[in-house]
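Asker: target_0.pdb is reproduced below (PDB, N, CA, C and O atoms and all ligand atoms).
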```pdb
ATOM      1  N   MET A 153     -13.293 -32.375 -37.390
ATOM      2  CA  MET A 153     -11.905 -31.988 -37.630
ATOM      3  C   MET A 153     -11.104 -33.210 -38.054
ATOM      4  O   MET A 153     -11.580 -34.321 -37.989
ATOM      5  N   ASN A 154      -9.881 -32.982 -38.472
ATOM      6  CA  ASN A 154      -8.986 -34.089 -38.778
ATOM      7  C   ASN A 154      -7.931 -34.190 -37.685
ATOM      8  O   ASN A 154      -7.480 -33.185 -37.142
ATOM      9  N   CYS A 155      -7.569 -35.412 -37.388
ATOM     10  CA  CYS A 155      -6.541 -35.672 -36.382
ATOM     11  C   CYS A 155      -5.253 -34.948 -36.760
ATOM     12  O   CYS A 155      -4.845 -34.947 -37.919
ATOM     13  N   TYR A 156      -4.599 -34.315 -35.770
ATOM     14  CA  TYR A 156      -3.364 -33.582 -36.037
ATOM     15  C   TYR A 156      -2.210 -34.511 -36.370
ATOM     16  O   TYR A 156      -1.205 -34.083 -36.934
ATOM     17  N   LEU A 157      -2.353 -35.784 -35.998
ATOM     18  CA  LEU A 157      -1.264 -36.724 -36.246
ATOM     19  C   LEU A 157      -1.445 -37.488 -37.545
ATOM     20  O   LEU A 157      -0.593 -37.460 -38.410
ATOM     21  N   CYS A 158      -2.571 -38.162 -37.690
ATOM     22  CA  CYS A 158      -2.728 -39.053 -38.842
ATOM     23  C   CYS A 158      -3.592 -38.440 -39.937
ATOM     24  O   CYS A 158      -3.617 -38.942 -41.055
ATOM     25  N   GLY A 159      -4.321 -37.365 -39.625
ATOM     26  CA  GLY A 159      -5.124 -36.701 -40.638
ATOM     27  C   GLY A 159      -6.482 -37.326 -40.887
ATOM     28  O   GLY A 159      -7.227 -36.863 -41.739
ATOM     29  N   LEU A 160      -6.800 -38.384 -40.146
ATOM     30  CA  LEU A 160      -8.106 -39.010 -40.294
ATOM     31  C   LEU A 160      -9.154 -38.245 -39.494
ATOM     32  O   LEU A 160      -8.831 -37.407 -38.652
ATOM     33  N   GLN A 161     -10.407 -38.560 -39.784
ATOM     34  CA  GLN A 161     -11.517 -37.931 -39.087
ATOM     35  C   GLN A 161     -11.428 -38.191 -37.581
ATOM     36  O   GLN A 161     -11.226 -39.319 -37.161
ATOM     37  N   ALA A 162     -11.535 -37.136 -36.774
ATOM     38  CA  ALA A 162     -11.447 -37.290 -35.327
ATOM     39  C   ALA A 162     -12.397 -36.297 -34.652
ATOM     40  O   ALA A 162     -12.892 -35.364 -35.279
ATOM     41  N   GLN A 163     -12.647 -36.546 -33.375
ATOM     42  CA  GLN A 163     -13.479 -35.647 -32.584
ATOM     43  C   GLN A 163     -12.574 -34.757 -31.738
ATOM     44  O   GLN A 163     -11.638 -35.240 -31.129
ATOM     45  N   ALA A 164     -12.894 -33.468 -31.693
ATOM     46  CA  ALA A 164     -12.127 -32.569 -30.837
ATOM     47  C   ALA A 164     -13.067 -31.829 -29.914
ATOM     48  O   ALA A 164     -14.196 -31.519 -30.276
ATOM     49  N   GLN A 165     -12.608 -31.582 -28.719
ATOM     50  CA  GLN A 165     -13.400 -30.757 -27.812
ATOM     51  C   GLN A 165     -12.477 -29.843 -27.031
ATOM     52  O   GLN A 165     -11.342 -30.203 -26.692
ATOM     53  N   GLN A 166     -12.970 -28.656 -26.782
ATOM     54  CA  GLN A 166     -12.222 -27.722 -25.960
ATOM     55  C   GLN A 166     -12.192 -28.290 -24.554
ATOM     56  O   GLN A 166     -13.208 -28.688 -24.016
ATOM     57  N   SER A 167     -11.024 -28.367 -23.991
ATOM     58  CA  SER A 167     -10.888 -28.937 -22.662
ATOM     59  C   SER A 167     -11.234 -27.889 -21.612
ATOM     60  O   SER A 167     -10.607 -26.847 -21.544
ATOM     61  N   GLY A 168     -12.242 -28.184 -20.808
ATOM     62  CA  GLY A 168     -12.757 -27.199 -19.873
ATOM     63  C   GLY A 168     -11.823 -26.834 -18.749
ATOM     64  O   GLY A 168     -11.581 -25.666 -18.484
ATOM     65  N   GLU A 169     -11.221 -27.849 -18.133
ATOM     66  CA  GLU A 169     -10.455 -27.581 -16.913
ATOM     67  C   GLU A 169      -9.090 -26.983 -17.211
ATOM     68  O   GLU A 169      -8.443 -26.444 -16.349
ATOM     69  N   ASP A 170      -8.659 -27.099 -18.453
ATOM     70  CA  ASP A 170      -7.339 -26.611 -18.795
ATOM     71  C   ASP A 170      -7.451 -25.814 -20.090
ATOM     72  O   ASP A 170      -7.306 -26.335 -21.177
ATOM     73  N   GLN A 171      -7.711 -24.533 -19.969
ATOM     74  CA  GLN A 171      -7.967 -23.716 -21.142
ATOM     75  C   GLN A 171      -6.735 -23.618 -22.029
ATOM     76  O   GLN A 171      -5.614 -23.647 -21.554
ATOM     77  N   GLY A 172      -6.982 -23.517 -23.312
ATOM     78  CA  GLY A 172      -5.878 -23.416 -24.244
ATOM     79  C   GLY A 172      -5.416 -24.762 -24.750
ATOM     80  O   GLY A 172      -4.480 -24.833 -25.522
ATOM     81  N   THR A 173      -6.048 -25.821 -24.297
ATOM     82  CA  THR A 173      -5.713 -27.128 -24.844
ATOM     83  C   THR A 173      -6.936 -27.726 -25.508
ATOM     84  O   THR A 173      -8.068 -27.373 -25.194
ATOM     85  N   GLU A 174      -6.696 -28.606 -26.444
ATOM     86  CA  GLU A 174      -7.770 -29.279 -27.147
ATOM     87  C   GLU A 174      -7.629 -30.768 -26.876
ATOM     88  O   GLU A 174      -6.532 -31.304 -26.870
ATOM     89  N   LEU A 175      -8.775 -31.408 -26.645
ATOM     90  CA  LEU A 175      -8.783 -32.841 -26.425
ATOM     91  C   LEU A 175      -9.223 -33.494 -27.725
ATOM     92  O   LEU A 175     -10.298 -33.197 -28.240
ATOM     93  N   VAL A 176      -8.376 -34.354 -28.274
ATOM     94  CA  VAL A 176      -8.679 -34.986 -29.557
ATOM     95  C   VAL A 176      -8.900 -36.473 -29.335
ATOM     96  O   VAL A 176      -8.136 -37.130 -28.627
ATOM     97  N   ASP A 177      -9.963 -36.972 -29.936
ATOM     98  CA  ASP A 177     -10.287 -38.386 -29.834
ATOM     99  C   ASP A 177     -10.257 -38.984 -31.235
ATOM    100  O   ASP A 177     -11.169 -38.777 -32.020
ATOM    101  N   CYS A 178      -9.178 -39.688 -31.540
ATOM    102  CA  CYS A 178      -8.993 -40.272 -32.867
ATOM    103  C   CYS A 178      -9.102 -41.782 -32.739
ATOM    104  O   CYS A 178      -8.522 -42.377 -31.832
ATOM    105  N   SER A 179      -9.815 -42.401 -33.682
ATOM    106  CA  SER A 179      -9.994 -43.853 -33.599
ATOM    107  C   SER A 179      -8.666 -44.571 -33.851
ATOM    108  O   SER A 179      -8.479 -45.708 -33.445
ATOM    109  N   ASP A 180      -7.757 -43.901 -34.509
ATOM    110  CA  ASP A 180      -6.476 -44.516 -34.832
ATOM    111  C   ASP A 180      -5.395 -44.201 -33.787
ATOM    112  O   ASP A 180      -4.651 -45.077 -33.383
ATOM    113  N   CYS A 181      -5.313 -42.952 -33.371
ATOM    114  CA  CYS A 181      -4.252 -42.525 -32.451
ATOM    115  C   CYS A 181      -4.695 -42.550 -30.996
ATOM    116  O   CYS A 181      -3.872 -42.346 -30.106
ATOM    117  N   GLY A 182      -5.985 -42.726 -30.741
ATOM    118  CA  GLY A 182      -6.469 -42.686 -29.371
ATOM    119  C   GLY A 182      -6.777 -41.261 -28.947
ATOM    120  O   GLY A 182      -6.873 -40.356 -29.777
ATOM    121  N   THR A 183      -6.911 -41.070 -27.629
ATOM    122  CA  THR A 183      -7.232 -39.751 -27.098
ATOM    123  C   THR A 183      -5.956 -39.058 -26.651
ATOM    124  O   THR A 183      -5.120 -39.655 -25.983
ATOM    125  N   TYR A 184      -5.813 -37.824 -27.047
ATOM    126  CA  TYR A 184      -4.649 -37.058 -26.593
ATOM    127  C   TYR A 184      -5.035 -35.602 -26.438
ATOM    128  O   TYR A 184      -5.991 -35.117 -27.024
ATOM    129  N   ARG A 185      -4.264 -34.915 -25.633
ATOM    130  CA  ARG A 185      -4.467 -33.498 -25.391
ATOM    131  C   ARG A 185      -3.356 -32.739 -26.106
ATOM    132  O   ARG A 185      -2.205 -33.155 -26.095
ATOM    133  N   ILE A 186      -3.732 -31.651 -26.756
ATOM    134  CA  ILE A 186      -2.717 -30.887 -27.487
ATOM    135  C   ILE A 186      -2.800 -29.432 -27.041
ATOM    136  O   ILE A 186      -3.891 -28.873 -26.913
ATOM    137  N   SER A 187      -1.668 -28.830 -26.746
ATOM    138  CA  SER A 187      -1.680 -27.477 -26.192
ATOM    139  C   SER A 187      -1.778 -26.428 -27.298
ATOM    140  O   SER A 187      -1.403 -26.672 -28.451
ATOM    141  N   SER A 188      -2.267 -25.259 -26.938
ATOM    142  CA  SER A 188      -2.465 -24.195 -27.928
ATOM    143  C   SER A 188      -1.129 -23.730 -28.504
ATOM    144  O   SER A 188      -1.057 -23.341 -29.665
ATOM    145  N   SER A 189      -0.044 -23.784 -27.709
ATOM    146  CA  SER A 189       1.264 -23.395 -28.227
ATOM    147  C   SER A 189       1.678 -24.315 -29.367
ATOM    148  O   SER A 189       2.200 -23.874 -30.386
ATOM    149  N   VAL A 190       1.430 -25.614 -29.168
ATOM    150  CA  VAL A 190       1.782 -26.581 -30.206
ATOM    151  C   VAL A 190       0.891 -26.394 -31.430
ATOM    152  O   VAL A 190       1.355 -26.483 -32.567
ATOM    153  N   LEU A 191      -0.381 -26.077 -31.188
ATOM    154  CA  LEU A 191      -1.289 -25.837 -32.309
ATOM    155  C   LEU A 191      -0.787 -24.667 -33.161
ATOM    156  O   LEU A 191      -0.846 -24.716 -34.389
ATOM    157  N   LYS A 192      -0.269 -23.638 -32.488
ATOM    158  CA  LYS A 192       0.265 -22.492 -33.231
ATOM    159  C   LYS A 192       1.499 -22.897 -34.020
ATOM    160  O   LYS A 192       1.691 -22.496 -35.165
ATOM    161  N   MET A 193       2.364 -23.721 -33.402
ATOM    162  CA  MET A 193       3.597 -24.150 -34.076
ATOM    163  C   MET A 193       3.293 -25.038 -35.278
ATOM    164  O   MET A 193       4.058 -25.092 -36.240
ATOM    165  N   LEU A 194       2.163 -25.729 -35.218
ATOM    166  CA  LEU A 194       1.781 -26.630 -36.302
ATOM    167  C   LEU A 194       1.547 -25.883 -37.617
ATOM    168  O   LEU A 194       1.538 -26.484 -38.694
ATOM    169  N   ALA A 195       1.340 -24.573 -37.519
ATOM    170  CA  ALA A 195       1.129 -23.784 -38.724
ATOM    171  C   ALA A 195       2.370 -23.803 -39.608
ATOM    172  O   ALA A 195       2.275 -23.717 -40.831
ATOM    173  N   SER A 196       3.542 -23.927 -38.984
ATOM    174  CA  SER A 196       4.771 -23.872 -39.768
ATOM    175  C   SER A 196       5.610 -25.153 -39.662
ATOM    176  O   SER A 196       6.635 -25.277 -40.317
ATOM    177  N   ARG A 197       5.194 -26.089 -38.809
ATOM    178  CA  ARG A 197       5.978 -27.314 -38.645
ATOM    179  C   ARG A 197       5.055 -28.523 -38.716
ATOM    180  O   ARG A 197       3.845 -28.391 -38.580
ATOM    181  N   THR A 198       5.641 -29.687 -38.904
ATOM    182  CA  THR A 198       4.848 -30.915 -38.884
ATOM    183  C   THR A 198       5.444 -31.903 -37.894
ATOM    184  O   THR A 198       6.643 -31.904 -37.638
ATOM    185  N   PHE A 199       4.576 -32.745 -37.349
ATOM    186  CA  PHE A 199       5.027 -33.748 -36.390
ATOM    187  C   PHE A 199       5.819 -34.844 -37.085
ATOM    188  O   PHE A 199       5.578 -35.172 -38.245
ATOM    189  N   ASN A 200       6.755 -35.421 -36.342
ATOM    190  CA  ASN A 200       7.321 -36.702 -36.731
ATOM    191  C   ASN A 200       6.300 -37.749 -36.271
ATOM    192  O   ASN A 200       6.301 -38.176 -35.121
ATOM    193  N   TYR A 201       5.429 -38.109 -37.188
ATOM    194  CA  TYR A 201       4.256 -38.885 -36.836
ATOM    195  C   TYR A 201       4.563 -40.218 -36.136
ATOM    196  O   TYR A 201       4.015 -40.489 -35.062
ATOM    197  N   PRO A 202       5.461 -41.070 -36.679
ATOM    198  CA  PRO A 202       5.730 -42.347 -35.994
ATOM    199  C   PRO A 202       6.292 -42.154 -34.595
ATOM    200  O   PRO A 202       5.885 -42.851 -33.656
ATOM    201  N   LYS A 203       7.221 -41.188 -34.445
ATOM    202  CA  LYS A 203       7.819 -40.976 -33.121
ATOM    203  C   LYS A 203       6.821 -40.376 -32.151
ATOM    204  O   LYS A 203       6.804 -40.697 -30.964
ATOM    205  N   MET A 204       5.973 -39.497 -32.651
ATOM    206  CA  MET A 204       4.958 -38.877 -31.805
ATOM    207  C   MET A 204       3.971 -39.929 -31.309
ATOM    208  O   MET A 204       3.587 -39.938 -30.148
ATOM    209  N   ARG A 205       3.597 -40.829 -32.203
ATOM    210  CA  ARG A 205       2.676 -41.905 -31.811
ATOM    211  C   ARG A 205       3.316 -42.817 -30.770
ATOM    212  O   ARG A 205       2.667 -43.233 -29.808
ATOM    213  N   ASP A 206       4.583 -43.136 -30.966
ATOM    214  CA  ASP A 206       5.299 -43.953 -29.991
ATOM    215  C   ASP A 206       5.321 -43.276 -28.635
ATOM    216  O   ASP A 206       5.151 -43.917 -27.597
ATOM    217  N   ASP A 207       5.533 -41.960 -28.646
ATOM    218  CA  ASP A 207       5.621 -41.241 -27.388
ATOM    219  C   ASP A 207       4.269 -41.201 -26.680
ATOM    220  O   ASP A 207       4.194 -41.332 -25.465
ATOM    221  N   LEU A 208       3.178 -41.031 -27.431
ATOM    222  CA  LEU A 208       1.851 -41.058 -26.810
ATOM    223  C   LEU A 208       1.616 -42.427 -26.171
ATOM    224  O   LEU A 208       1.077 -42.532 -25.068
ATOM    225  N   HIS A 209       2.038 -43.456 -26.868
ATOM    226  CA  HIS A 209       1.909 -44.815 -26.358
ATOM    227  C   HIS A 209       2.711 -44.983 -25.066
ATOM    228  O   HIS A 209       2.231 -45.539 -24.081
ATOM    229  N   ARG A 210       3.931 -44.442 -25.085
ATOM    230  CA  ARG A 210       4.801 -44.509 -23.915
ATOM    231  C   ARG A 210       4.171 -43.764 -22.727
ATOM    232  O   ARG A 210       4.183 -44.233 -21.599
ATOM    233  N   GLN A 211       3.602 -42.582 -23.009
ATOM    234  CA  GLN A 211       2.958 -41.803 -21.951
ATOM    235  C   GLN A 211       1.795 -42.578 -21.329
ATOM    236  O   GLN A 211       1.593 -42.551 -20.122
ATOM    237  N   ARG A 212       1.033 -43.278 -22.170
ATOM    238  CA  ARG A 212      -0.116 -44.034 -21.658
ATOM    239  C   ARG A 212       0.332 -45.205 -20.793
ATOM    240  O   ARG A 212      -0.307 -45.558 -19.822
ATOM    241  N   GLN A 213       1.459 -45.818 -21.175
ATOM    242  CA  GLN A 213       1.962 -46.929 -20.383
ATOM    243  C   GLN A 213       2.514 -46.440 -19.057
ATOM    244  O   GLN A 213       2.371 -47.087 -18.029
ATOM    245  N   PHE A 214       3.139 -45.272 -19.112
ATOM    246  CA  PHE A 214       3.755 -44.694 -17.933
ATOM    247  C   PHE A 214       2.701 -44.252 -16.932
ATOM    248  O   PHE A 214       2.834 -44.424 -15.734
ATOM    249  N   ASN A 215       1.622 -43.670 -17.430
ATOM    250  CA  ASN A 215       0.571 -43.184 -16.560
ATOM    251  C   ASN A 215      -0.788 -43.414 -17.220
ATOM    252  O   ASN A 215      -1.272 -42.582 -17.977
ATOM    253  N   ALA A 216      -1.371 -44.554 -16.936
ATOM    254  CA  ALA A 216      -2.591 -44.972 -17.620
ATOM    255  C   ALA A 216      -3.801 -44.123 -17.248
ATOM    256  O   ALA A 216      -4.810 -44.140 -17.951
ATOM    257  N   THR A 217      -3.724 -43.392 -16.140
ATOM    258  CA  THR A 217      -4.898 -42.648 -15.690
ATOM    259  C   THR A 217      -4.980 -41.253 -16.299
ATOM    260  O   THR A 217      -6.023 -40.614 -16.229
ATOM    261  N   SER A 218      -3.893 -40.765 -16.890
ATOM    262  CA  SER A 218      -3.977 -39.429 -17.462
ATOM    263  C   SER A 218      -3.930 -39.498 -18.986
ATOM    264  O   SER A 218      -3.426 -40.445 -19.568
ATOM    265  N   VAL A 219      -4.465 -38.478 -19.616
ATOM    266  CA  VAL A 219      -4.525 -38.417 -21.070
ATOM    267  C   VAL A 219      -3.138 -38.071 -21.609
ATOM    268  O   VAL A 219      -2.458 -37.191 -21.083
ATOM    269  N   ALA A 220      -2.712 -38.789 -22.627
ATOM    270  CA  ALA A 220      -1.431 -38.490 -23.264
ATOM    271  C   ALA A 220      -1.437 -37.055 -23.763
ATOM    272  O   ALA A 220      -2.455 -36.567 -24.260
ATOM    273  N   GLU A 221      -0.321 -36.400 -23.631
ATOM    274  CA  GLU A 221      -0.296 -34.963 -23.872
ATOM    275  C   GLU A 221       0.766 -34.573 -24.899
ATOM    276  O   GLU A 221       1.892 -35.041 -24.849
ATOM    277  N   ILE A 222       0.375 -33.698 -25.818
ATOM    278  CA  ILE A 222       1.346 -33.107 -26.745
ATOM    279  C   ILE A 222       1.469 -31.641 -26.372
ATOM    280  O   ILE A 222       0.543 -30.856 -26.563
ATOM    281  N   ASN A 223       2.584 -31.281 -25.756
ATOM    282  CA  ASN A 223       2.837 -29.888 -25.432
ATOM    283  C   ASN A 223       4.233 -29.546 -25.949
ATOM    284  O   ASN A 223       4.869 -30.373 -26.612
ATOM    285  N   THR A 224       4.708 -28.349 -25.654
ATOM    286  CA  THR A 224       5.996 -27.936 -26.224
ATOM    287  C   THR A 224       7.138 -28.827 -25.740
ATOM    288  O   THR A 224       8.169 -28.903 -26.387
ATOM    289  N   GLN A 225       6.940 -29.524 -24.605
ATOM    290  CA  GLN A 225       7.978 -30.407 -24.114
ATOM    291  C   GLN A 225       7.946 -31.792 -24.755
ATOM    292  O   GLN A 225       8.969 -32.427 -24.939
ATOM    293  N   THR A 226       6.730 -32.257 -25.081
ATOM    294  CA  THR A 226       6.627 -33.624 -25.605
ATOM    295  C   THR A 226       6.525 -33.678 -27.122
ATOM    296  O   THR A 226       6.635 -34.748 -27.701
ATOM    297  N   ALA A 227       6.289 -32.545 -27.760
ATOM    298  CA  ALA A 227       6.126 -32.542 -29.219
ATOM    299  C   ALA A 227       7.427 -33.000 -29.884
ATOM    300  O   ALA A 227       8.519 -32.592 -29.486
ATOM    301  N   ILE A 228       7.301 -33.859 -30.872
ATOM    302  CA  ILE A 228       8.458 -34.326 -31.648
ATOM    303  C   ILE A 228       8.234 -33.883 -33.096
ATOM    304  O   ILE A 228       7.286 -34.306 -33.747
ATOM    305  N   TRP A 229       9.116 -33.020 -33.558
ATOM    306  CA  TRP A 229       8.925 -32.420 -34.883
ATOM    307  C   TRP A 229       9.711 -33.164 -35.950
ATOM    308  O   TRP A 229      10.756 -33.745 -35.667
ATOM    309  N   ALA A 230       9.203 -33.073 -37.149
ATOM    310  CA  ALA A 230       9.865 -33.743 -38.277
ATOM    311  C   ALA A 230      11.152 -33.008 -38.637
ATOM    312  O   ALA A 230      11.262 -31.813 -38.408
TER
HETATM  313 ZN    ZN A 301      -5.121 -39.884 -35.547
END
```
What is this file in C-alpha cells?
Ligand SMILES: [Zn+2]
Answerer:
Amino acid sequence: MNCYLCGLQAQAQQSGEDQGTELVDCSDCGTYRISSSVLKMLASRTFNYPKMRDDLHRQRQFNATSVAEINTQTAIWA
C-alpha cells in the first residue's frame, strides 16, 4: 500500500486488538494507527500533511510507549 500521509510505499496491517483501525509502518512517517472513520473520510478529504506529521511527532514525544494515532479527533484536514 501507499502511506496515507506521504504517498510512499509503506506496510499496513490490520490491527488485531482494536478492530477497525489499520497500523501503518512508513519509513518516512514512522508507525501510526489510523481509524476506519478517518479512512472513510479520506475518500473525500485530504490531510494537511505537514501539520499531521507534526502532530504524530508531538504524540510520540508526549507518550513514547503508544503508537501515534490518527482518528477523528487528531486528524488535521487540508
Ligand atoms: Zn509516509
Asker: Among chain A, which ones does DSSP assign to strand (DSSP E or B) (computed from the backbone)? Answer as a PyMOL selection string.
Answerer: chain A and resi 154+161-166+173-178+182-187+199+220-222+229
Asker: For ligand ZN 301 (chain A), list the contacting residues at 8 Å or closer, counting only C-alpha atoms and all ligand atoms, as a PDB file with N, CA, C and O atoms, keeping the file's coordinate frame.
Answerer:
```pdb
ATOM      1  N   ASN A 154      -9.881 -32.982 -38.472  1.00  0.00           N
ATOM      2  CA  ASN A 154      -8.986 -34.089 -38.778  1.00  0.00           C
ATOM      3  C   ASN A 154      -7.931 -34.190 -37.685  1.00  0.00           C
ATOM      4  O   ASN A 154      -7.480 -33.185 -37.142  1.00  0.00           O
ATOM      5  N   CYS A 155      -7.569 -35.412 -37.388  1.00  0.00           N
ATOM      6  CA  CYS A 155      -6.541 -35.672 -36.382  1.00  0.00           C
ATOM      7  C   CYS A 155      -5.253 -34.948 -36.760  1.00  0.00           C
ATOM      8  O   CYS A 155      -4.845 -34.947 -37.919  1.00  0.00           O
ATOM      9  N   TYR A 156      -4.599 -34.315 -35.770  1.00  0.00           N
ATOM     10  CA  TYR A 156      -3.364 -33.582 -36.037  1.00  0.00           C
ATOM     11  C   TYR A 156      -2.210 -34.511 -36.370  1.00  0.00           C
ATOM     12  O   TYR A 156      -1.205 -34.083 -36.934  1.00  0.00           O
ATOM     13  N   LEU A 157      -2.353 -35.784 -35.998  1.00  0.00           N
ATOM     14  CA  LEU A 157      -1.264 -36.724 -36.246  1.00  0.00           C
ATOM     15  C   LEU A 157      -1.445 -37.488 -37.545  1.00  0.00           C
ATOM     16  O   LEU A 157      -0.593 -37.460 -38.410  1.00  0.00           O
ATOM     17  N   CYS A 158      -2.571 -38.162 -37.690  1.00  0.00           N
ATOM     18  CA  CYS A 158      -2.728 -39.053 -38.842  1.00  0.00           C
ATOM     19  C   CYS A 158      -3.592 -38.440 -39.937  1.00  0.00           C
ATOM     20  O   CYS A 158      -3.617 -38.942 -41.055  1.00  0.00           O
ATOM     21  N   GLY A 159      -4.321 -37.365 -39.625  1.00  0.00           N
ATOM     22  CA  GLY A 159      -5.124 -36.701 -40.638  1.00  0.00           C
ATOM     23  C   GLY A 159      -6.482 -37.326 -40.887  1.00  0.00           C
ATOM     24  O   GLY A 159      -7.227 -36.863 -41.739  1.00  0.00           O
ATOM     25  N   LEU A 160      -6.800 -38.384 -40.146  1.00  0.00           N
ATOM     26  CA  LEU A 160      -8.106 -39.010 -40.294  1.00  0.00           C
ATOM     27  C   LEU A 160      -9.154 -38.245 -39.494  1.00  0.00           C
ATOM     28  O   LEU A 160      -8.831 -37.407 -38.652  1.00  0.00           O
ATOM     29  N   GLN A 161     -10.407 -38.560 -39.784  1.00  0.00           N
ATOM     30  CA  GLN A 161     -11.517 -37.931 -39.087  1.00  0.00           C
ATOM     31  C   GLN A 161     -11.428 -38.191 -37.581  1.00  0.00           C
ATOM     32  O   GLN A 161     -11.226 -39.319 -37.161  1.00  0.00           O
ATOM     33  N   ALA A 162     -11.535 -37.136 -36.774  1.00  0.00           N
ATOM     34  CA  ALA A 162     -11.447 -37.290 -35.327  1.00  0.00           C
ATOM     35  C   ALA A 162     -12.397 -36.297 -34.652  1.00  0.00           C
ATOM     36  O   ALA A 162     -12.892 -35.364 -35.279  1.00  0.00           O
ATOM     37  N   ASP A 177      -9.963 -36.972 -29.936  1.00  0.00           N
ATOM     38  CA  ASP A 177     -10.287 -38.386 -29.834  1.00  0.00           C
ATOM     39  C   ASP A 177     -10.257 -38.984 -31.235  1.00  0.00           C
ATOM     40  O   ASP A 177     -11.169 -38.777 -32.020  1.00  0.00           O
ATOM     41  N   CYS A 178      -9.178 -39.688 -31.540  1.00  0.00           N
ATOM     42  CA  CYS A 178      -8.993 -40.272 -32.867  1.00  0.00           C
ATOM     43  C   CYS A 178      -9.102 -41.782 -32.739  1.00  0.00           C
ATOM     44  O   CYS A 178      -8.522 -42.377 -31.832  1.00  0.00           O
ATOM     45  N   SER A 179      -9.815 -42.401 -33.682  1.00  0.00           N
ATOM     46  CA  SER A 179      -9.994 -43.853 -33.599  1.00  0.00           C
ATOM     47  C   SER A 179      -8.666 -44.571 -33.851  1.00  0.00           C
ATOM     48  O   SER A 179      -8.479 -45.708 -33.445  1.00  0.00           O
ATOM     49  N   ASP A 180      -7.757 -43.901 -34.509  1.00  0.00           N
ATOM     50  CA  ASP A 180      -6.476 -44.516 -34.832  1.00  0.00           C
ATOM     51  C   ASP A 180      -5.395 -44.201 -33.787  1.00  0.00           C
ATOM     52  O   ASP A 180      -4.651 -45.077 -33.383  1.00  0.00           O
ATOM     53  N   CYS A 181      -5.313 -42.952 -33.371  1.00  0.00           N
ATOM     54  CA  CYS A 181      -4.252 -42.525 -32.451  1.00  0.00           C
ATOM     55  C   CYS A 181      -4.695 -42.550 -30.996  1.00  0.00           C
ATOM     56  O   CYS A 181      -3.872 -42.346 -30.106  1.00  0.00           O
ATOM     57  N   GLY A 182      -5.985 -42.726 -30.741  1.00  0.00           N
ATOM     58  CA  GLY A 182      -6.469 -42.686 -29.371  1.00  0.00           C
ATOM     59  C   GLY A 182      -6.777 -41.261 -28.947  1.00  0.00           C
ATOM     60  O   GLY A 182      -6.873 -40.356 -29.777  1.00  0.00           O
TER      61      GLY A 182
END
```
Asker: Suppose you want the space between atom O of Tyr184 of chain A and atom N of Ile222 of chain A; what is it in Å?
Answerer: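 Between atom O of Tyr184 of chain A and atom N of Ile222 of chain A the gap is 6.6 Å.
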Asker: Rank nothing, just name the residue among A:Leu191, A:Thr217, A:Ile228, A:Thr173 nearest to Arg205 of chain A, using only N, CA, C and O atoms.
Answerer: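 Closest residue, counting only N, CA, C and O atoms: A:Ile228.
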Asker: Could you spell out the hits of the PyMOL selection byres (((chain A and resi 223-227) around 8) and not hetatm) on the shown file, as a VMD selection string?
Answerer: chain A and resid 185 to 191 198 to 200 203 to 204 207 to 208 220 to 222 228 to 230
Asker: From the DSSP assignment of the backbone, select every residue of chain A that is alpha helix (DSSP H), and format the answer as a PyMOL selection string.
Answerer: chain A and resi 188-193+201-214
Asker: So how far away is atom C of Arg212 of chain A from atom O of Ser196 of chain A, in Å?
Answerer: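 One can read the atom O of Ser196 of chain A to atom C of Arg212 of chain A distance as 28.6 Å.
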Asker: How far is it from atom CA of Val219 of chain A to atom CA of Thr183 of chain A, in Å with one decimal?
Answerer: 6.7 Å
Asker: My list of candidates is A:Val176, A:Gln166, A:Asn215, A:Ala195. Which is closest to Met153 of chain A when distances are computed with only C-alpha atoms?
Answerer: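 Answer, going by the shortest atom-to-atom distance: A:Val176.
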Asker: Box time for segment 207-226 of chain A: axis-aligned, enclosing all its listed atoms, 4 Å extra on each side; report centre and edge lengths in Å to one decimal, as lines of an AutoDock Vina configuration file.
Answerer:
```
center_x = 1.5
center_y = -37.5
center_z = -22.2
size_x = 23.0
size_y = 27.2
size_z = 21.0
```
